[in-house]
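Undergrad: Quick one, run.txt (compact mmCIF, C-alpha atoms):
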# COMPACT_ATOMS: atom_id res chain seq x y z
CA MET A 1 4.52 -6.48 19.20
CA SER A 2 2.89 -7.91 16.12
CA ALA A 3 3.90 -6.56 12.74
CA PRO A 4 1.57 -4.37 10.67
CA ARG A 5 -0.79 -6.52 8.64
CA LEU A 6 -2.11 -6.63 5.11
CA LEU A 7 -5.48 -8.35 4.60
CA GLY A 8 -5.13 -9.97 8.00
CA ARG A 9 -1.53 -11.13 7.49
CA PRO A 10 1.78 -9.62 8.64
CA LEU A 11 3.17 -7.12 6.17
CA GLN A 12 6.74 -6.94 4.94
CA VAL A 13 8.04 -4.16 2.78
CA VAL A 14 11.03 -5.45 0.80
CA ALA A 15 13.13 -4.36 -2.11
CA ALA A 16 11.89 -5.51 -5.49
CA ARG A 17 14.59 -4.69 -8.02
CA ARG A 18 12.63 -2.56 -10.44
CA ARG A 19 14.74 0.29 -11.72
CA VAL A 20 13.40 3.84 -11.65
CA PRO A 21 14.98 5.80 -14.49
CA GLY A 22 18.08 7.62 -13.28
CA VAL A 23 17.73 6.38 -9.71
CA ASN A 24 19.34 3.36 -8.07
CA ARG A 25 16.38 2.90 -5.74
CA PRO A 26 14.22 -0.23 -5.55
CA GLU A 27 10.46 -0.18 -5.24
CA LEU A 28 8.83 -1.24 -1.97
CA ARG A 29 6.19 -3.90 -2.08
CA ALA A 30 4.14 -5.78 0.51
CA VAL A 31 4.92 -9.47 1.12
CA PRO A 32 2.53 -11.31 3.46
CA GLY A 33 3.99 -13.38 6.27
CA ARG A 34 7.10 -11.42 7.22
CA PRO A 35 7.83 -8.45 9.46
CA LEU A 36 7.91 -4.89 8.14
CA VAL A 37 11.33 -3.78 6.88
CA VAL A 38 11.95 -0.44 5.22
CA THR A 39 15.54 0.10 4.08
CA PRO A 40 17.27 3.45 3.56
CA PHE A 41 18.25 4.26 0.00
CA VAL A 42 21.07 6.18 -1.66
CA ALA A 43 20.41 7.99 -4.94
CA THR A 44 22.85 7.85 -7.84
CA THR A 45 24.14 10.91 -9.61
CA GLY A 46 21.26 10.46 -12.07
CA ARG A 47 18.85 11.85 -9.48
CA PRO A 48 18.60 15.66 -9.58
CA PRO A 49 20.23 17.19 -6.50
CA MET A 50 17.77 18.32 -3.84
CA ARG A 51 17.83 21.68 -2.11
CA PRO A 52 19.38 21.59 1.35
CA ALA A 53 16.88 20.59 4.01
CA ARG A 54 15.55 23.40 6.17
CA GLN A 55 15.82 23.03 9.94
CA TYR A 56 12.35 22.31 11.30
CA PRO A 57 10.34 23.53 13.13
CA PHE A 58 11.25 26.92 11.73
CA ARG A 59 10.92 28.57 15.16
CA GLU A 60 8.78 28.53 18.30
CA PRO A 61 5.25 29.47 17.18
CA THR A 62 3.90 32.92 18.03
CA ALA A 63 0.34 32.75 19.34
CA LEU A 64 -2.01 31.80 16.48
CA GLU A 65 0.13 33.24 13.68
CA LEU A 66 1.35 30.79 11.05
CA GLU A 67 5.04 31.14 10.33
CA PRO A 68 5.61 33.07 7.06
CA GLU A 69 7.66 30.22 5.61
CA TYR A 70 4.47 28.25 4.93
CA ALA A 71 3.05 30.89 2.58
CA HIS A 72 6.39 31.10 0.79
CA LEU A 73 6.57 27.31 0.42
CA ARG A 74 2.97 27.08 -0.86
CA ALA A 75 3.86 29.53 -3.61
CA HIS A 76 7.38 28.40 -4.52
CA GLU A 77 8.23 24.98 -3.06
CA PRO A 78 5.07 23.13 -2.04
CA VAL A 79 6.98 19.87 -1.45
CA SER A 80 10.23 20.65 0.35
CA ARG A 81 12.90 18.94 2.44
CA ILE A 82 13.08 19.53 6.18
CA SER A 83 15.40 18.25 8.90
CA LEU A 84 13.67 17.27 12.16
CA PRO A 85 14.99 17.22 15.74
CA TYR A 86 14.54 13.43 15.78
CA GLY A 87 14.73 10.85 13.01
CA GLY A 88 16.41 12.78 10.21
CA GLU A 89 14.85 14.36 7.12
CA ALA A 90 11.38 14.29 5.58
CA TRP A 91 9.30 15.89 2.87
CA LEU A 92 7.03 18.73 4.01
CA VAL A 93 3.75 19.14 2.08
CA VAL A 94 1.76 22.37 2.46
CA ARG A 95 -0.65 22.81 -0.49
CA TYR A 96 -4.28 21.81 0.01
CA GLU A 97 -4.59 19.34 -2.89
CA ASP A 98 -1.20 17.74 -2.22
CA VAL A 99 -2.08 17.27 1.46
CA ARG A 100 -5.34 15.56 0.46
CA VAL A 101 -3.36 13.20 -1.77
CA VAL A 102 -0.96 12.23 1.01
CA LEU A 103 -3.80 11.70 3.51
CA GLY A 104 -5.97 9.73 1.11
CA ASP A 105 -3.53 7.60 -0.92
CA PRO A 106 -2.95 4.16 0.71
CA ARG A 107 0.59 4.10 -0.71
CA PHE A 108 1.48 6.60 2.03
CA SER A 109 1.53 4.34 5.10
CA ARG A 110 0.98 5.14 8.78
CA ALA A 111 1.68 1.59 9.93
CA ALA A 112 5.22 1.82 8.51
CA LEU A 113 6.02 4.37 11.24
CA LEU A 114 5.66 1.93 14.11
CA ASP A 115 8.74 1.52 16.29
CA ARG A 116 11.00 3.23 13.75
CA ASP A 117 13.18 6.28 14.17
CA VAL A 118 11.13 8.34 11.74
CA PRO A 119 11.37 12.15 11.41
CA ARG A 120 9.41 13.86 14.21
CA THR A 121 9.41 16.82 16.60
CA SER A 122 8.87 14.80 19.78
CA PRO A 123 11.39 12.39 21.31
CA ARG A 124 8.74 9.68 21.66
CA ARG A 125 8.56 7.07 18.92
CA LEU A 126 5.22 5.61 17.88
CA THR A 127 5.28 2.00 19.04
CA ASP A 128 1.66 0.99 19.52
CA PRO A 129 -0.94 -0.01 16.90
CA THR A 130 -4.01 2.21 17.28
CA LEU A 131 -6.42 4.30 15.23
CA HIS A 132 -3.85 6.74 13.91
CA THR A 133 -0.94 4.27 13.49
CA THR A 134 -2.54 1.52 11.41
CA ASP A 135 -3.48 1.20 7.77
CA PRO A 136 -6.60 -0.39 6.28
CA PRO A 137 -7.82 -3.06 6.77
CA GLU A 138 -6.50 -3.10 10.37
CA HIS A 139 -7.50 0.53 10.78
CA ASN A 140 -11.03 -0.27 9.58
CA ARG A 141 -11.33 -3.00 12.22
CA LEU A 142 -10.35 -0.64 15.05
CA ARG A 143 -12.49 2.17 13.69
CA ARG A 144 -15.58 -0.05 13.59
CA LEU A 145 -15.11 -0.86 17.27
CA VAL A 146 -15.40 2.79 18.32
CA SER A 147 -17.63 4.27 15.61
CA GLY A 148 -20.80 3.09 17.39
CA ALA A 149 -19.97 5.48 20.24
CA PHE A 150 -20.43 8.35 17.79
CA SER A 151 -23.73 7.29 16.25
CA PRO A 152 -26.37 10.05 15.89
CA ARG A 153 -28.27 8.72 18.91
CA ARG A 154 -25.20 8.63 21.16
CA LEU A 155 -24.03 12.00 19.88
CA GLU A 156 -27.38 13.47 20.87
CA ARG A 157 -26.94 12.14 24.41
CA LEU A 158 -23.36 13.38 24.60
CA ALA A 159 -24.43 16.81 23.35
CA ALA A 160 -27.11 16.97 26.05
CA HIS A 161 -24.47 16.09 28.66
CA ALA A 162 -22.12 18.75 27.24
CA SER A 163 -24.92 21.35 27.40
CA ARG A 164 -25.64 20.60 31.07
CA VAL A 165 -21.97 20.75 31.98
CA THR A 166 -21.44 23.99 30.05
CA GLU A 167 -24.29 25.73 31.87
CA GLU A 168 -22.97 24.53 35.24
CA LEU A 169 -19.46 25.74 34.44
CA LEU A 170 -20.71 29.14 33.29
CA ASP A 171 -22.84 29.40 36.45
CA ARG A 172 -19.62 29.21 38.45
CA VAL A 173 -17.88 31.69 36.15
CA GLU A 174 -20.75 34.13 36.64
CA GLU A 175 -20.87 33.63 40.41
CA GLN A 176 -17.16 34.29 40.77
CA GLY A 177 -17.52 37.44 38.70
CA PRO A 178 -15.13 39.13 36.32
CA PRO A 179 -12.36 38.87 35.49
CA ALA A 180 -12.66 35.16 34.77
CA ASP A 181 -10.20 32.72 33.23
CA LEU A 182 -12.08 30.89 30.48
CA VAL A 183 -9.33 28.30 30.08
CA ALA A 184 -9.67 27.07 33.66
CA GLY A 185 -13.38 27.85 33.88
CA LEU A 186 -14.63 26.32 30.61
CA ALA A 187 -12.11 25.27 27.97
CA VAL A 188 -10.44 22.54 30.03
CA PRO A 189 -13.22 21.13 32.26
CA LEU A 190 -15.84 20.78 29.50
CA PRO A 191 -13.91 18.34 27.26
CA VAL A 192 -12.66 16.49 30.35
CA SER A 193 -16.24 15.89 31.48
CA VAL A 194 -17.40 14.80 28.02
CA ILE A 195 -14.58 12.33 27.38
CA CYS A 196 -14.92 10.88 30.89
CA HIS A 197 -18.66 10.42 30.31
CA LEU A 198 -18.07 8.81 26.90
CA LEU A 199 -15.19 6.55 27.77
CA GLY A 200 -16.09 5.70 31.37
CA VAL A 201 -13.12 7.37 33.05
CA PRO A 202 -13.65 8.58 36.65
CA LEU A 203 -13.92 12.36 36.66
CA VAL A 204 -12.24 12.47 40.07
CA ASP A 205 -9.01 11.35 38.34
CA ARG A 206 -9.00 14.34 35.98
CA ASP A 207 -5.99 16.08 37.52
CA ARG A 208 -3.89 12.94 37.25
CA PHE A 209 -4.59 11.99 33.66
CA ALA A 210 -4.77 15.59 32.41
CA SER A 211 -1.24 16.15 33.70
CA TRP A 212 0.01 12.99 32.01
CA VAL A 213 -1.65 13.99 28.72
CA ASP A 214 -0.08 17.45 28.88
CA ILE A 215 3.40 15.97 29.32
CA ALA A 216 2.99 13.06 26.88
CA LEU A 217 1.98 15.36 24.02
CA ALA A 218 4.80 17.85 24.58
CA THR A 219 7.70 18.52 22.24
CA THR A 220 10.24 20.59 24.18
CA ALA A 221 8.38 21.61 27.34
CA PHE A 222 9.61 18.57 29.29
CA PRO A 223 12.67 16.29 29.19
CA ALA A 224 12.39 13.21 27.01
CA ALA A 225 12.38 10.91 30.05
CA GLU A 226 9.33 12.69 31.48
CA ILE A 227 7.49 12.47 28.15
CA HIS A 228 8.09 8.72 27.94
CA ALA A 229 7.16 8.24 31.61
CA ALA A 230 3.89 10.18 31.18
CA PHE A 231 2.81 8.02 28.26
CA ALA A 232 3.69 4.88 30.21
CA ALA A 233 1.64 6.20 33.14
CA LEU A 234 -1.35 6.73 30.83
CA LYS A 235 -1.10 3.14 29.61
CA ASP A 236 -0.88 1.81 33.17
CA TYR A 237 -3.88 3.93 34.16
CA LEU A 238 -6.02 2.68 31.26
CA ALA A 239 -4.95 -0.89 31.99
CA SER A 240 -6.25 -0.45 35.54
CA LEU A 241 -9.57 0.85 34.19
CA VAL A 242 -9.82 -2.14 31.86
CA ALA A 243 -9.36 -4.44 34.85
CA LEU A 244 -12.06 -2.48 36.71
CA ARG A 245 -14.46 -2.84 33.75
CA ARG A 246 -13.97 -6.58 33.83
CA ARG A 247 -14.98 -6.64 37.48
CA GLU A 248 -17.71 -4.02 37.10
CA PRO A 249 -19.18 -3.92 33.57
CA ALA A 250 -20.70 -0.59 32.48
CA ASP A 251 -22.51 0.90 29.48
CA ASP A 252 -19.70 3.10 28.23
CA LEU A 253 -17.15 2.93 25.42
CA LEU A 254 -14.46 1.31 27.55
CA GLY A 255 -16.94 -1.33 28.65
CA ALA A 256 -17.86 -2.01 25.01
CA LEU A 257 -14.18 -2.36 24.09
CA VAL A 258 -13.64 -4.84 26.92
CA VAL A 259 -16.54 -6.91 25.57
CA ALA A 260 -15.01 -6.72 22.08
CA ARG A 261 -11.76 -8.02 23.53
CA ASP A 262 -13.04 -10.72 25.88
CA GLN A 263 -16.14 -12.05 24.12
CA ASP A 264 -15.79 -11.21 20.46
CA GLY A 265 -12.02 -11.40 20.07
CA GLY A 266 -12.14 -8.14 18.14
CA LEU A 267 -8.85 -6.75 19.41
CA SER A 268 -5.81 -7.63 21.48
CA GLU A 269 -5.21 -6.53 25.07
CA GLU A 270 -2.50 -4.13 23.92
CA GLU A 271 -4.82 -2.63 21.30
CA LEU A 272 -7.57 -2.25 23.89
CA VAL A 273 -5.37 -0.30 26.31
CA VAL A 274 -3.72 1.90 23.67
CA LEU A 275 -7.06 2.61 22.03
CA GLY A 276 -8.32 3.87 25.38
CA VAL A 277 -5.24 6.07 25.77
CA THR A 278 -5.69 7.45 22.24
CA LEU A 279 -9.34 8.34 22.79
CA LEU A 280 -8.58 9.91 26.16
CA TYR A 281 -5.90 12.30 24.97
CA ALA A 282 -7.59 12.99 21.62
CA GLY A 283 -10.76 14.01 23.45
CA LEU A 284 -8.91 16.38 25.76
CA GLU A 285 -5.99 18.14 24.15
CA THR A 286 -7.35 19.46 20.88
CA THR A 287 -10.88 20.40 21.92
CA SER A 288 -9.81 22.17 25.10
CA ASN A 289 -7.31 24.29 23.20
CA HIS A 290 -9.83 24.95 20.42
CA ILE A 291 -12.32 26.48 22.85
CA GLY A 292 -9.81 28.98 24.24
CA ASN A 293 -8.29 29.70 20.83
CA PHE A 294 -11.68 30.23 19.17
CA VAL A 295 -12.85 32.66 21.85
CA HIS A 296 -9.57 34.55 21.51
CA THR A 297 -9.96 34.66 17.70
CA LEU A 298 -13.52 35.98 17.94
CA LEU A 299 -12.55 38.63 20.48
CA SER A 300 -9.75 39.66 18.11
CA HIS A 301 -12.27 40.13 15.25
CA PRO A 302 -14.98 42.36 16.79
CA ALA A 303 -16.87 42.90 13.51
CA GLN A 304 -17.23 39.15 12.93
CA LEU A 305 -18.10 38.60 16.59
CA ALA A 306 -20.85 41.25 16.36
CA ARG A 307 -22.19 39.51 13.27
CA LEU A 308 -22.38 36.19 15.09
CA ARG A 309 -24.06 37.76 18.10
CA ALA A 310 -26.66 39.33 15.81
CA ASP A 311 -27.30 36.08 13.94
CA PRO A 312 -26.78 32.92 16.06
CA ALA A 313 -27.85 30.86 13.01
CA LEU A 314 -24.29 31.42 11.76
CA LEU A 315 -22.91 29.24 14.54
CA ASP A 316 -22.38 26.10 12.45
CA SER A 317 -20.55 27.90 9.65
CA ALA A 318 -18.66 29.94 12.27
CA VAL A 319 -17.30 26.76 13.90
CA ASP A 320 -16.13 25.44 10.53
CA GLU A 321 -14.46 28.73 9.66
CA LEU A 322 -12.75 28.89 13.04
CA LEU A 323 -11.54 25.32 12.53
CA ARG A 324 -10.15 26.31 9.13
CA LEU A 325 -8.49 29.58 10.09
CA THR A 326 -7.27 29.02 13.64
CA PRO A 327 -3.99 27.06 13.66
CA THR A 328 -4.10 23.91 15.74
CA VAL A 329 -0.62 22.40 15.71
CA THR A 330 2.79 23.89 16.35
CA SER A 331 4.42 21.93 13.52
CA ALA A 332 3.68 19.50 10.72
CA GLY A 333 2.71 15.95 11.56
CA PHE A 334 0.59 13.02 10.37
CA THR A 335 3.83 11.53 9.02
CA ARG A 336 3.61 8.74 6.49
CA ILE A 337 6.11 6.47 4.75
CA ALA A 338 5.90 6.05 0.98
CA LEU A 339 5.55 2.36 0.10
CA GLU A 340 6.60 2.94 -3.52
CA ASP A 341 7.77 5.76 -5.75
CA ILE A 342 4.97 8.33 -5.98
CA PRO A 343 5.01 11.63 -7.92
CA LEU A 344 3.70 14.58 -5.93
CA GLY A 345 3.55 17.80 -7.89
CA ASP A 346 6.92 18.05 -9.64
CA ILE A 347 8.69 15.98 -6.97
CA MET A 348 9.19 12.22 -6.97
CA ILE A 349 8.65 10.84 -3.49
CA HIS A 350 10.72 7.67 -3.33
CA ALA A 351 9.89 4.42 -1.57
CA GLY A 352 10.88 4.64 2.08
CA ASP A 353 10.74 8.45 2.23
CA ALA A 354 8.95 10.09 5.15
CA VAL A 355 6.28 12.65 4.24
CA MET A 356 4.77 15.18 6.68
CA VAL A 357 1.76 17.40 6.04
CA HIS A 358 0.76 20.71 7.62
CA LEU A 359 -3.04 20.88 7.82
CA ASP A 360 -3.12 24.50 8.98
CA ALA A 361 -0.94 25.63 6.09
CA ALA A 362 -3.17 23.72 3.66
CA ASN A 363 -6.26 25.37 5.16
CA ARG A 364 -4.77 28.76 4.20
CA ASP A 365 -4.10 27.79 0.58
CA PRO A 366 -5.44 30.51 -1.77
CA ARG A 367 -5.97 27.83 -4.44
CA ALA A 368 -8.64 26.31 -2.20
CA TYR A 369 -10.06 29.42 -0.47
CA PRO A 370 -10.55 33.02 -1.59
CA HIS A 371 -8.97 35.44 0.88
CA PRO A 372 -7.72 32.54 3.00
CA ASP A 373 -6.19 34.67 5.77
CA GLU A 374 -9.47 36.43 6.52
CA LEU A 375 -12.04 35.25 9.06
CA ASP A 376 -15.39 34.93 7.27
CA LEU A 377 -18.03 33.29 9.43
CA THR A 378 -20.36 32.97 6.41
CA ARG A 379 -17.81 31.06 4.28
CA LYS A 380 -19.40 28.27 2.24
CA PRO A 381 -18.42 25.77 1.09
CA ASN A 382 -15.70 25.14 3.63
CA PRO A 383 -14.11 21.70 3.10
CA HIS A 384 -11.32 22.32 5.63
CA LEU A 385 -8.82 19.69 6.68
CA ALA A 386 -8.91 20.37 10.43
CA PHE A 387 -10.05 16.79 11.10
CA GLY A 388 -7.88 15.28 8.39
CA HIS A 389 -9.01 13.50 5.25
CA GLY A 390 -9.36 9.96 3.96
CA PRO A 391 -9.36 6.78 6.06
CA HIS A 392 -7.93 8.51 9.14
CA TYR A 393 -10.49 11.32 9.21
CA CYS A 394 -11.17 11.97 12.90
CA VAL A 395 -13.78 9.50 14.16
CA ALA A 396 -14.88 12.00 16.83
CA ALA A 397 -15.14 15.03 14.53
CA GLN A 398 -18.89 15.47 15.01
CA LEU A 399 -18.56 15.27 18.79
CA ALA A 400 -15.79 17.88 18.78
CA LYS A 401 -17.88 20.23 16.62
CA ALA A 402 -20.87 19.73 18.91
CA GLU A 403 -18.80 20.67 21.98
CA LEU A 404 -17.46 23.77 20.22
CA ARG A 405 -20.94 24.89 19.13
CA ILE A 406 -22.37 24.36 22.60
CA ALA A 407 -19.54 26.21 24.33
CA LEU A 408 -19.62 29.23 21.99
CA GLU A 409 -23.41 29.50 21.91
CA ALA A 410 -23.76 29.43 25.69
CA LEU A 411 -20.87 31.82 26.25
CA LEU A 412 -22.15 34.45 23.81
CA ARG A 413 -25.75 34.07 24.99
CA ARG A 414 -24.96 34.43 28.67
CA PHE A 415 -22.29 37.11 28.33
CA PRO A 416 -23.35 39.39 25.44
CA THR A 417 -20.76 42.04 26.39
CA LEU A 418 -17.85 39.61 26.76
CA HIS A 419 -14.47 41.22 26.06
CA PRO A 420 -10.81 40.74 27.03
CA ALA A 421 -9.91 41.67 30.60
CA GLU A 422 -6.22 42.23 29.95
CA PRO A 423 -4.81 44.40 27.17
CA ALA A 424 -1.44 42.65 27.27
CA THR A 425 -0.53 39.67 25.11
CA PRO A 426 -2.29 36.51 26.36
CA HIS A 427 -0.28 33.73 27.95
CA TRP A 428 0.48 30.99 25.40
CA ARG A 429 1.63 27.47 26.16
CA GLN A 430 5.13 26.65 24.90
CA GLY A 431 6.81 23.44 23.80
CA ARG A 432 3.60 21.53 23.02
CA MET A 433 2.25 19.84 19.89
CA VAL A 434 -1.02 21.80 20.07
CA ARG A 435 -1.26 25.59 20.20
CA GLY A 436 -3.16 26.92 23.18
CA LEU A 437 -3.51 29.43 25.97
CA ASP A 438 -2.37 29.01 29.55
CA ARG A 439 -5.15 31.43 30.50
CA LEU A 440 -7.69 33.73 28.86
CA LEU A 441 -8.99 36.47 31.16
CA VAL A 442 -12.29 38.01 30.14
CA THR A 443 -14.81 40.40 31.62
CA TRP A 444 -18.38 41.45 30.82
Show me, as structure tokens, the structure contained in the file I just sent.
TA:
Amino acid sequence: MSAPRLLGRPLQVVAARRRVPGVNRPELRAVPGRPLVVTPFVATTGRPPMRPARQYPFREPTALELEPEYAHLRAHEPVSRISLPYGGEAWLVVRYEDVRVVLGDPRFSRAALLDRDVPRTSPRRLTDPTLHTTDPPEHNRLRRLVSGAFSPRRLERLAAHASRVTEELLDRVEEQGPPADLVAGLAVPLPVSVICHLLGVPLVDRDRFASWVDIALATTAFPAAEIHAAFAALKDYLASLVALRRREPADDLLGALVVARDQDGGLSEEELVVLGVTLLYAGLETTSNHIGNFVHTLLSHPAQLARLRADPALLDSAVDELLRLTPTVTSAGFTRIALEDIPLGDIMIHAGDAVMVHLDAANRDPRAYPHPDELDLTRKPNPHLAFGHGPHYCVAAQLAKAELRIALEALLRRFPTLHPAEPATPHWRQGRMVRGLDRLLVTW
């Protein structure tokens, strides 16, 4: 594997002996031409003692309720130490403005994570350079290769495809009659169809790759060996599709990436395959869980749901508010490594430290939003962090929002009396990175 690169050259992070007052800890700096090395550090007694690290995750998440520790930390310890199941300790950042700093400051590196035993909740290490594991300018190069697939013209075509599929799926839901499971009937098959159409993945393979994605993005639901095997299976599958595209060129994103590899030299074979894997699971896991979670949230807030039904023009702001309020992940992520000493609030993040952010906790920060725990479908402005911030802002954000708008609009239009079919607690998936429902039974 090639090392991370700076301005087109391999990047090394080495110790430059500049003393930080009271701390025997060298600064990290980039040296072109050598592999990436980040060395652990030991503080002297001049560094103020840190509070003991909290075990993290705090507990298994309950439905769509954020753990109360996040509100406490926002108020009293916005940058705190946590101890992860894998890779040791990290800083946890939960306030809105601090999270934006970590996501937007290039001194917090994603590329420095590659093939290192960094703090994380999943047993799988990040080993492959792709959109979310590279830093600029390498990240910019990869992003340019896929951004054309999300141009306004292509988004319009993808939205039209999503609309057709949504109506067909809801036709079947209606034919089968209540009660209906919206997870199996809409939330899962809609994103699968859209990402297959975009990327050029055969829809007939959906059961195979959806199963691999489910396992690969797990935390505790499957043994570590199964998680690693599922990710390897996804890479093998995408490699076979790349070979097929070479034999049978097509006007889809995977075909465009093959051209970028073979004719333009825009990326390596490894980058091509892993980029395909990244787009496949990113297009499935989050959006499918969002659809089920958003419907559940609306059904749990009947006054807001009635307001949306009475005024469909609220749909755009409703999607943004649901993205802000409805928790997505089961734990913090988007880990970065500090490349030099960086103050964050009243804490000094030292070179080599791992920093994790919790987007959902930041989206509930009362410093950024009045009444942050309330669902307000008219909330404006709403600069939520559901799709991240800075260079790694989700390249497919507009497509995801289009799918969510289309799904909610069609569902509420066709089933104006939609309500839960089971009074008991819904069935939530466990041991995954993304919060979601196993099923959501509704009637009308």
Undergrad: Any idea what the distance is between CA of Asn289 (chain A) and CA of Pro57 (chain A)?
TA: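 A separation of 20.3 Å between them.
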Undergrad: Quick one: residues within 7 Å of region 196-213 of chain A, only C-alpha atoms counted, chain neighbours fewer than 6 positions away excluded, as a VMD selection string?
TA: chain A and resid 230 to 231 234 252 to 254 281
Undergrad: List as an MDAnalysis selection string the protein and nucleic acid residues near Leu155 (chain A), meaning an atom at most 10 Å away when only C-alpha atoms are counted, but skip any in the same chain fewer than 3 places from it.
TA: chainID A and resid 148:152 158:161 198 396 398:399 402
Undergrad: Let me see the file: selected residues, C-alpha atoms, as a PDB file, keeping the file's coordinate frame.
TA:
ATOM      1  CA  GLY A 148     -20.800   3.090  17.390  1.00  0.00           C
ATOM      2  CA  ALA A 149     -19.970   5.480  20.240  1.00  0.00           C
ATOM      3  CA  PHE A 150     -20.430   8.350  17.790  1.00  0.00           C
ATOM      4  CA  SER A 151     -23.730   7.290  16.250  1.00  0.00           C
ATOM      5  CA  PRO A 152     -26.370  10.050  15.890  1.00  0.00           C
ATOM      6  CA  LEU A 158     -23.360  13.380  24.600  1.00  0.00           C
ATOM      7  CA  ALA A 159     -24.430  16.810  23.350  1.00  0.00           C
ATOM      8  CA  ALA A 160     -27.110  16.970  26.050  1.00  0.00           C
ATOM      9  CA  HIS A 161     -24.470  16.090  28.660  1.00  0.00           C
ATOM     10  CA  LEU A 198     -18.070   8.810  26.900  1.00  0.00           C
ATOM     11  CA  ALA A 396     -14.880  12.000  16.830  1.00  0.00           C
ATOM     12  CA  GLN A 398     -18.890  15.470  15.010  1.00  0.00           C
ATOM     13  CA  LEU A 399     -18.560  15.270  18.790  1.00  0.00           C
ATOM     14  CA  ALA A 402     -20.870  19.730  18.910  1.00  0.00           C
TER      15      ALA A 402
END
Undergrad: In Å, with one decimal, what is the gap from CA of Ile215 (chain A) to CA of Thr278 (chain A)?
TA: 14.3 Å
Undergrad: One decimal, in Å: what's the spacing between CA of Val165 (chain A) and CA of Leu280 (chain A)?
TA: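 Taking CA of Val165 (chain A) as the start and CA of Leu280 (chain A) as the end point, the length is 18.2 Å.
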Undergrad: List every protein, DNA or RNA residue that has at least one atom no more than 10 Å from (-17.1, 28.4, 34.8) in the file's coordinates, counting all atoms listed in the file, and write the result as a VMD selection string.
TA: chain A and resid 165 to 177 180 to 187 189 to 190 411
